[in-house]
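Next comes final-v4.pdb, a file with PDB, N, CA and C atoms.
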ATOM      1  N   MET A1480       5.813   2.985   9.159
ATOM      2  CA  MET A1480       4.735   3.230  10.077
ATOM      3  C   MET A1480       3.651   2.188   9.816
ATOM      4  N   CYS A1481       2.992   1.791  10.868
ATOM      5  CA  CYS A1481       1.908   0.836  10.729
ATOM      6  C   CYS A1481       0.685   1.423  11.420
ATOM      7  N   LEU A1482      -0.333   1.709  10.637
ATOM      8  CA  LEU A1482      -1.531   2.366  11.134
ATOM      9  C   LEU A1482      -2.647   1.370  11.435
ATOM     10  N   ALA A1483      -3.579   1.817  12.262
ATOM     11  CA  ALA A1483      -4.853   1.121  12.399
ATOM     12  C   ALA A1483      -5.795   1.854  11.444
ATOM     13  N   VAL A1484      -6.242   1.169  10.402
ATOM     14  CA  VAL A1484      -6.976   1.793   9.310
ATOM     15  C   VAL A1484      -8.416   1.288   9.286
ATOM     16  N   PRO A1485      -9.395   2.189   9.118
ATOM     17  CA  PRO A1485     -10.774   1.728   9.007
ATOM     18  C   PRO A1485     -11.058   1.142   7.633
ATOM     19  N   GLY A1486     -11.854   0.077   7.622
ATOM     20  CA  GLY A1486     -12.227  -0.549   6.361
ATOM     21  C   GLY A1486     -13.632  -1.105   6.428
ATOM     22  N   ARG A1487     -14.233  -1.286   5.249
ATOM     23  CA  ARG A1487     -15.609  -1.804   5.141
ATOM     24  C   ARG A1487     -15.564  -3.267   4.722
ATOM     25  N   VAL A1488     -16.284  -4.097   5.444
ATOM     26  CA  VAL A1488     -16.327  -5.532   5.168
ATOM     27  C   VAL A1488     -17.146  -5.793   3.904
ATOM     28  N   LEU A1489     -16.513  -6.437   2.932
ATOM     29  CA  LEU A1489     -17.169  -6.769   1.672
ATOM     30  C   LEU A1489     -17.778  -8.163   1.685
ATOM     31  N   ASP A1490     -17.054  -9.114   2.248
ATOM     32  CA  ASP A1490     -17.599 -10.471   2.401
ATOM     33  C   ASP A1490     -16.861 -11.185   3.518
ATOM     34  N   ILE A1491     -17.488 -12.257   3.997
ATOM     35  CA  ILE A1491     -16.955 -13.015   5.129
ATOM     36  C   ILE A1491     -17.014 -14.488   4.787
ATOM     37  N   GLU A1492     -15.961 -15.206   5.180
ATOM     38  CA  GLU A1492     -15.950 -16.661   5.010
ATOM     39  C   GLU A1492     -15.098 -17.278   6.110
ATOM     40  N   GLU A1493     -15.297 -18.561   6.308
ATOM     41  CA  GLU A1493     -14.480 -19.269   7.281
ATOM     42  C   GLU A1493     -13.430 -20.063   6.527
ATOM     43  N   ARG A1494     -12.181 -19.910   6.955
ATOM     44  CA  ARG A1494     -11.071 -20.628   6.329
ATOM     45  C   ARG A1494     -10.295 -21.380   7.395
ATOM     46  N   ASP A1495     -10.284 -22.679   7.298
ATOM     47  CA  ASP A1495      -9.568 -23.523   8.260
ATOM     48  C   ASP A1495      -9.931 -23.176   9.698
ATOM     49  N   GLY A1496     -11.225 -22.928   9.943
ATOM     50  CA  GLY A1496     -11.698 -22.641  11.290
ATOM     51  C   GLY A1496     -11.514 -21.210  11.743
ATOM     52  N   THR A1497     -11.048 -20.337  10.842
ATOM     53  CA  THR A1497     -10.824 -18.933  11.184
ATOM     54  C   THR A1497     -11.751 -18.060  10.363
ATOM     55  N   ARG A1498     -12.430 -17.141  11.014
ATOM     56  CA  ARG A1498     -13.349 -16.218  10.336
ATOM     57  C   ARG A1498     -12.535 -15.113   9.666
ATOM     58  N   MET A1499     -12.624 -15.036   8.339
ATOM     59  CA  MET A1499     -11.862 -14.074   7.555
ATOM     60  C   MET A1499     -12.803 -13.209   6.733
ATOM     61  N   ALA A1500     -12.347 -11.987   6.412
ATOM     62  CA  ALA A1500     -13.161 -11.069   5.616
ATOM     63  C   ALA A1500     -12.310 -10.425   4.533
ATOM     64  N   THR A1501     -12.975 -10.058   3.454
ATOM     65  CA  THR A1501     -12.374  -9.196   2.444
ATOM     66  C   THR A1501     -12.822  -7.793   2.831
ATOM     67  N   VAL A1502     -11.847  -6.876   3.008
ATOM     68  CA  VAL A1502     -12.144  -5.543   3.520
ATOM     69  C   VAL A1502     -11.608  -4.493   2.555
ATOM     70  N   ASP A1503     -12.429  -3.468   2.325
ATOM     71  CA  ASP A1503     -12.076  -2.357   1.440
ATOM     72  C   ASP A1503     -11.613  -1.174   2.278
ATOM     73  N   PHE A1504     -10.372  -0.747   2.048
ATOM     74  CA  PHE A1504      -9.783   0.400   2.730
ATOM     75  C   PHE A1504      -9.696   1.562   1.752
ATOM     76  N   GLY A1505     -10.818   2.122   1.396
ATOM     77  CA  GLY A1505     -10.819   3.257   0.477
ATOM     78  C   GLY A1505     -10.258   2.935  -0.891
ATOM     79  N   GLY A1506     -10.539   1.742  -1.386
ATOM     80  CA  GLY A1506     -10.085   1.344  -2.711
ATOM     81  C   GLY A1506      -9.025   0.265  -2.696
ATOM     82  N   VAL A1507      -8.388   0.050  -1.576
ATOM     83  CA  VAL A1507      -7.415  -1.034  -1.427
ATOM     84  C   VAL A1507      -8.124  -2.165  -0.703
ATOM     85  N   VAL A1508      -8.102  -3.362  -1.285
ATOM     86  CA  VAL A1508      -8.820  -4.502  -0.711
ATOM     87  C   VAL A1508      -7.810  -5.505  -0.160
ATOM     88  N   LYS A1509      -8.038  -5.912   1.086
ATOM     89  CA  LYS A1509      -7.139  -6.857   1.765
ATOM     90  C   LYS A1509      -7.951  -7.901   2.510
ATOM     91  N   GLU A1510      -7.310  -9.012   2.829
ATOM     92  CA  GLU A1510      -7.906 -10.048   3.664
ATOM     93  C   GLU A1510      -7.604  -9.721   5.128
ATOM     94  N   VAL A1511      -8.625  -9.905   5.991
ATOM     95  CA  VAL A1511      -8.519  -9.524   7.397
ATOM     96  C   VAL A1511      -9.105 -10.627   8.274
ATOM     97  N   CYS A1512      -8.474 -10.886   9.388
ATOM     98  CA  CYS A1512      -8.970 -11.856  10.358
ATOM     99  C   CYS A1512     -10.022 -11.186  11.250
ATOM    100  N   LEU A1513     -11.153 -11.872  11.473
ATOM    101  CA  LEU A1513     -12.254 -11.332  12.285
ATOM    102  C   LEU A1513     -12.385 -12.007  13.646
ATOM    103  N   GLU A1514     -11.392 -12.730  14.072
ATOM    104  CA  GLU A1514     -11.500 -13.472  15.319
ATOM    105  C   GLU A1514     -11.734 -12.582  16.544
ATOM    106  N   TYR A1515     -11.267 -11.350  16.536
ATOM    107  CA  TYR A1515     -11.494 -10.446  17.668
ATOM    108  C   TYR A1515     -12.871  -9.788  17.615
ATOM    109  N   LEU A1516     -13.527  -9.817  16.467
ATOM    110  CA  LEU A1516     -14.871  -9.252  16.299
ATOM    111  C   LEU A1516     -15.772 -10.308  15.651
ATOM    112  N   PRO A1517     -16.113 -11.356  16.375
ATOM    113  CA  PRO A1517     -16.850 -12.473  15.771
ATOM    114  C   PRO A1517     -18.244 -12.120  15.274
ATOM    115  N   ASP A1518     -18.818 -10.998  15.747
ATOM    116  CA  ASP A1518     -20.158 -10.635  15.301
ATOM    117  C   ASP A1518     -20.173  -9.553  14.221
ATOM    118  N   LEU A1519     -19.006  -9.175  13.684
ATOM    119  CA  LEU A1519     -18.940  -8.178  12.611
ATOM    120  C   LEU A1519     -19.617  -8.738  11.362
ATOM    121  N   ARG A1520     -20.366  -7.900  10.652
ATOM    122  CA  ARG A1520     -21.152  -8.335   9.500
ATOM    123  C   ARG A1520     -20.742  -7.602   8.230
ATOM    124  N   VAL A1521     -21.104  -8.155   7.085
ATOM    125  CA  VAL A1521     -20.859  -7.528   5.789
ATOM    126  C   VAL A1521     -21.512  -6.145   5.785
ATOM    127  N   GLY A1522     -20.755  -5.156   5.288
ATOM    128  CA  GLY A1522     -21.248  -3.785   5.217
ATOM    129  C   GLY A1522     -20.838  -2.933   6.394
ATOM    130  N   GLU A1523     -20.425  -3.556   7.498
ATOM    131  CA  GLU A1523     -19.981  -2.794   8.661
ATOM    132  C   GLU A1523     -18.516  -2.386   8.502
ATOM    133  N   TYR A1524     -18.108  -1.415   9.312
ATOM    134  CA  TYR A1524     -16.734  -0.915   9.296
ATOM    135  C   TYR A1524     -16.012  -1.351  10.559
ATOM    136  N   ALA A1525     -14.714  -1.538  10.428
ATOM    137  CA  ALA A1525     -13.883  -1.888  11.581
ATOM    138  C   ALA A1525     -12.522  -1.234  11.429
ATOM    139  N   ILE A1526     -11.891  -1.008  12.546
ATOM    140  CA  ILE A1526     -10.499  -0.555  12.541
ATOM    141  C   ILE A1526      -9.638  -1.806  12.468
ATOM    142  N   VAL A1527      -8.702  -1.810  11.521
ATOM    143  CA  VAL A1527      -7.864  -2.978  11.279
ATOM    144  C   VAL A1527      -6.400  -2.603  11.513
ATOM    145  N   HIS A1528      -5.704  -3.472  12.241
ATOM    146  CA  HIS A1528      -4.273  -3.280  12.483
ATOM    147  C   HIS A1528      -3.583  -4.613  12.245
ATOM    148  N   VAL A1529      -2.538  -4.590  11.465
ATOM    149  CA  VAL A1529      -1.743  -5.758  11.067
ATOM    150  C   VAL A1529      -2.588  -6.984  10.720
ATOM    151  N   GLY A1530      -3.659  -6.741   9.959
ATOM    152  CA  GLY A1530      -4.465  -7.830   9.442
ATOM    153  C   GLY A1530      -5.558  -8.338  10.361
ATOM    154  N   PHE A1531      -5.780  -7.677  11.509
ATOM    155  CA  PHE A1531      -6.815  -8.081  12.445
ATOM    156  C   PHE A1531      -7.806  -6.949  12.657
ATOM    157  N   ALA A1532      -9.102  -7.245  12.519
ATOM    158  CA  ALA A1532     -10.153  -6.277  12.837
ATOM    159  C   ALA A1532     -10.220  -6.186  14.357
ATOM    160  N   LEU A1533     -10.040  -4.960  14.879
ATOM    161  CA  LEU A1533      -9.949  -4.796  16.327
ATOM    162  C   LEU A1533     -11.155  -4.130  16.970
ATOM    163  N   GLN A1534     -11.816  -3.245  16.229
ATOM    164  CA  GLN A1534     -12.926  -2.504  16.817
ATOM    165  C   GLN A1534     -13.906  -2.087  15.736
ATOM    166  N   ARG A1535     -15.200  -2.221  16.028
ATOM    167  CA  ARG A1535     -16.256  -1.766  15.113
ATOM    168  C   ARG A1535     -16.235  -0.241  15.093
ATOM    169  N   LEU A1536     -16.572   0.329  13.930
ATOM    170  CA  LEU A1536     -16.549   1.775  13.752
ATOM    171  C   LEU A1536     -17.763   2.175  12.932
ATOM    172  N   ASP A1537     -18.373   3.335  13.265
ATOM    173  CA  ASP A1537     -19.519   3.786  12.480
ATOM    174  C   ASP A1537     -19.040   4.299  11.121
ATOM    175  N   GLU A1538     -19.941   4.289  10.143
ATOM    176  CA  GLU A1538     -19.595   4.630   8.766
ATOM    177  C   GLU A1538     -19.042   6.050   8.637
ATOM    178  N   GLU A1539     -19.663   7.013   9.303
ATOM    179  CA  GLU A1539     -19.223   8.412   9.200
ATOM    180  C   GLU A1539     -17.789   8.583   9.702
ATOM    181  N   SER A1540     -17.474   8.012  10.853
ATOM    182  CA  SER A1540     -16.114   8.104  11.397
ATOM    183  C   SER A1540     -15.105   7.424  10.481
ATOM    184  N   ALA A1541     -15.492   6.266   9.939
ATOM    185  CA  ALA A1541     -14.608   5.538   9.031
ATOM    186  C   ALA A1541     -14.294   6.366   7.795
ATOM    187  N   LYS A1542     -15.330   6.955   7.187
ATOM    188  CA  LYS A1542     -15.119   7.748   5.971
ATOM    189  C   LYS A1542     -14.279   8.985   6.248
ATOM    190  N   GLN A1543     -14.526   9.661   7.363
ATOM    191  CA  GLN A1543     -13.734  10.847   7.717
ATOM    192  C   GLN A1543     -12.267  10.478   7.906
ATOM    193  N   THR A1544     -12.021   9.373   8.584
ATOM    194  CA  THR A1544     -10.642   8.930   8.820
ATOM    195  C   THR A1544      -9.950   8.552   7.520
ATOM    196  N   LEU A1545     -10.648   7.811   6.652
ATOM    197  CA  LEU A1545     -10.059   7.437   5.362
ATOM    198  C   LEU A1545      -9.738   8.667   4.517
ATOM    199  N   GLU A1546     -10.626   9.673   4.517
ATOM    200  CA  GLU A1546     -10.371  10.907   3.772
ATOM    201  C   GLU A1546      -9.137  11.627   4.320
ATOM    202  N   LEU A1547      -9.030  11.709   5.627
ATOM    203  CA  LEU A1547      -7.879  12.365   6.242
ATOM    204  C   LEU A1547      -6.589  11.612   5.916
ATOM    205  N   PHE A1548      -6.612  10.284   6.053
ATOM    206  CA  PHE A1548      -5.428   9.483   5.732
ATOM    207  C   PHE A1548      -5.020   9.680   4.276
ATOM    208  N   ALA A1549      -6.006   9.730   3.368
ATOM    209  CA  ALA A1549      -5.717   9.928   1.944
ATOM    210  C   ALA A1549      -5.090  11.298   1.715
ATOM    211  N   GLU A1550      -5.634  12.335   2.344
ATOM    212  CA  GLU A1550      -5.075  13.692   2.203
ATOM    213  C   GLU A1550      -3.633  13.763   2.682
ATOM    214  N   LEU A1551      -3.336  13.043   3.743
ATOM    215  CA  LEU A1551      -1.987  13.054   4.315
ATOM    216  C   LEU A1551      -1.035  12.085   3.606
ATOM    217  N   GLY A1552      -1.561  11.309   2.663
ATOM    218  CA  GLY A1552      -0.735  10.344   1.943
ATOM    219  C   GLY A1552      -0.438   9.099   2.746
ATOM    220  N   LEU A1553      -1.160   8.900   3.846
ATOM    221  CA  LEU A1553      -0.881   7.757   4.705
ATOM    222  C   LEU A1553      -1.387   6.442   4.137
ATOM    223  N   LEU A1554      -2.445   6.485   3.327
ATOM    224  CA  LEU A1554      -2.920   5.238   2.723
ATOM    225  C   LEU A1554      -1.897   4.697   1.734
ATOM    226  N   GLN A1555      -1.304   5.586   0.945
ATOM    227  CA  GLN A1555      -0.270   5.155  -0.001
ATOM    228  C   GLN A1555       0.933   4.612   0.761
ATOM    229  N   GLU A1556       1.268   5.275   1.861
ATOM    230  CA  GLU A1556       2.401   4.822   2.672
ATOM    231  C   GLU A1556       2.122   3.450   3.277
ATOM    232  N   GLU A1557       0.898   3.262   3.749
ATOM    233  CA  GLU A1557       0.521   2.010   4.396
ATOM    234  C   GLU A1557       0.327   0.869   3.399
ATOM    235  N   PHE A1558      -0.314   1.159   2.258
ATOM    236  CA  PHE A1558      -0.685   0.111   1.313
ATOM    237  C   PHE A1558       0.023   0.213  -0.023
ATOM    238  N   GLY A1559       0.933   1.168  -0.181
ATOM    239  CA  GLY A1559       1.572   1.396  -1.467
ATOM    240  C   GLY A1559       2.336   0.191  -1.989
ATOM    241  N   ASP A1560       2.703   0.271  -3.232
ATOM    242  CA  ASP A1560       3.458  -0.776  -3.905
ATOM    243  C   ASP A1560       4.840  -0.892  -3.248
ATOM    244  N   PRO A1561       5.199  -2.046  -2.647
ATOM    245  CA  PRO A1561       6.492  -2.176  -1.974
ATOM    246  C   PRO A1561       7.681  -2.001  -2.909
ATOM    247  N   TRP A1562       7.535  -2.374  -4.181
ATOM    248  CA  TRP A1562       8.638  -2.201  -5.130
ATOM    249  C   TRP A1562       8.859  -0.719  -5.403
ATOM    250  N   GLU A1563       7.749   0.012  -5.559
ATOM    251  CA  GLU A1563       7.841   1.450  -5.793
ATOM    252  C   GLU A1563       8.433   2.150  -4.569
ATOM    253  N   THR A1564       8.012   1.736  -3.388
ATOM    254  CA  THR A1564       8.515   2.324  -2.154
ATOM    255  C   THR A1564      10.014   2.091  -2.016
ATOM    256  N   ALA A1565      10.469   0.886  -2.336
ATOM    257  CA  ALA A1565      11.900   0.567  -2.253
ATOM    258  C   ALA A1565      12.703   1.405  -3.239
ATOM    259  N   ALA A1566      12.186   1.562  -4.452
ATOM    260  CA  ALA A1566      12.876   2.359  -5.465
ATOM    261  C   ALA A1566      12.968   3.817  -5.032
ATOM    262  N   GLU A1567      11.879   4.341  -4.459
ATOM    263  CA  GLU A1567      11.883   5.729  -3.994
ATOM    264  C   GLU A1567      12.843   5.929  -2.834
ATOM    265  N   ALA A1568      13.059   4.878  -2.051
ATOM    266  CA  ALA A1568      13.953   4.969  -0.900
ATOM    267  C   ALA A1568      15.417   4.843  -1.306
ATOM    268  N   GLY A1569      15.671   4.662  -2.596
ATOM    269  CA  GLY A1569      17.055   4.608  -3.059
ATOM    270  C   GLY A1569      17.575   3.216  -3.308
ATOM    271  N   ALA A1570      16.709   2.230  -3.234
ATOM    272  CA  ALA A1570      17.157   0.866  -3.467
ATOM    273  C   ALA A1570      17.422   0.613  -4.948
ATOM    274  N   GLY A1571      16.920   1.514  -5.798
ATOM    275  CA  GLY A1571      17.130   1.365  -7.232
ATOM    276  C   GLY A1571      16.188   0.353  -7.823
ATOM    277  N   PRO A1572      16.235   0.202  -9.136
ATOM    278  CA  PRO A1572      15.335  -0.742  -9.803
ATOM    279  C   PRO A1572      15.695  -2.178  -9.480
ATOM    280  N   VAL A1573      14.709  -3.017  -9.494
ATOM    281  CA  VAL A1573      14.917  -4.443  -9.247
ATOM    282  C   VAL A1573      15.199  -5.116 -10.569
ATOM    283  N   GLU A1574      16.302  -5.887 -10.608
ATOM    284  CA  GLU A1574      16.676  -6.582 -11.833
ATOM    285  C   GLU A1574      16.249  -8.031 -11.736
ATOM    286  N   GLU A1575      15.794  -8.567 -12.846
ATOM    287  CA  GLU A1575      15.433  -9.986 -12.884
ATOM    288  C   GLU A1575      16.697 -10.811 -13.002
ATOM    289  N   VAL A1576      16.708 -11.942 -12.324
ATOM    290  CA  VAL A1576      17.840 -12.847 -12.360
ATOM    291  C   VAL A1576      17.446 -14.079 -13.158
ATOM    292  N   SER A1577      18.270 -14.427 -14.127
ATOM    293  CA  SER A1577      17.997 -15.586 -14.938
ATOM    294  C   SER A1577      18.705 -16.797 -14.374
ATOM    295  N   ASN A1578      18.030 -17.917 -14.327
ATOM    296  CA  ASN A1578      18.626 -19.164 -13.837
ATOM    297  C   ASN A1578      19.069 -20.026 -15.009
ATOM    298  N   GLN A1579      20.056 -19.577 -15.737
ATOM    299  CA  GLN A1579      20.521 -20.340 -16.896
ATOM    300  C   GLN A1579      21.714 -21.152 -16.558
TER     301      GLN A1579
END

Could you quickly redo this structure as structure tokens?
Amino acid sequence: MCLAVPGRVLDIEERDGTRMATVDFGGVVKEVCLEYLPDLRVGEYAIVHVGFALQRLDEESAKQTLELFAELGLLQEEFGDPWETAAEAGAGPVEEVSNQ
């Protein structure tokens, strides 16, 4: 599943002509493209889907949504450790391969 998750902008910078932000999703921090919301500022919240900030969101709505997602386990599902997720799905442990 791929959710649109609210996050708080921690900082903003321009990289190779693209406006990017570091965004906190209830403790998980990711890089997000701000090209669809060029006037978004540090401290504001936005709904993010597949790495793009799509819509500004007020703080209260963002916090309520993050709490609900956390209660439902959706944040772990969305941002969880991919190795752990694969192991839980039956893929088994990942073995290191030596190039000898």

Counting all atoms listed in the file, note down every residue that has an atom within 6.5 Å of the point (-4.0, -10.9, 8.1) (file coordinates), as a list in words.
Glu1510, Val1511, Cys1512, Val1529, Gly1530 and Phe1531 of chain A

Using all atoms listed in the file, which residue out of A:Val1507, A:Ala1500, A:Leu1551, A:Ala1483 lies closest to Ala1525 in chain A?
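Closest residue, counting all atoms listed in the file: A:Ala1483.
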
To one decimal place in Å, what is the distance between CA of Leu1545 in chain A and CA of Tyr1515 in chain A?
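Separation between CA of Leu1545 in chain A and CA of Tyr1515 in chain A: 21.8 Å.
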
Which one of A:Leu1489, A:Leu1553, A:Ala1541, A:Leu1482 sits closest to Arg1520 in chain A if you count only C-alpha atoms?
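Of A:Leu1489, A:Leu1553, A:Ala1541, A:Leu1482, the one nearest Arg1520 in chain A is A:Leu1489, counting only C-alpha atoms.
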
Please provide the set of residues having any atom within 6.5 Å of Ile1491 in chain A, restricted to all atoms listed in the file, with same-chain residues fewer than 4 positions apart removed, written as a ChimeraX atom specification.
/A:1499-1501,1521

Please evaluate the PyMOL selection byres ((chain A and resi 1486) around 6.5) against the structure above and give the resulting residues as a list of chain:residue names.
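When the PyMOL selection byres ((chain A and resi 1486) around 6.5) is applied, the selected residues are A:Val1484, A:Pro1485, A:Arg1487, A:Val1488, A:Val1502, A:Asp1503, A:Phe1504, A:Gly1505, A:Glu1523, A:Tyr1524, A:Ala1525, A:Ile1526, A:Val1527, A:Ala1541.
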
Please, what distance in Å, to one decimal, runs between CA of Ala1532 in chain A and CA of Leu1516 in chain A?
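Computed distance, CA of Ala1532 in chain A to CA of Leu1516 in chain A, equals 6.6 Å.
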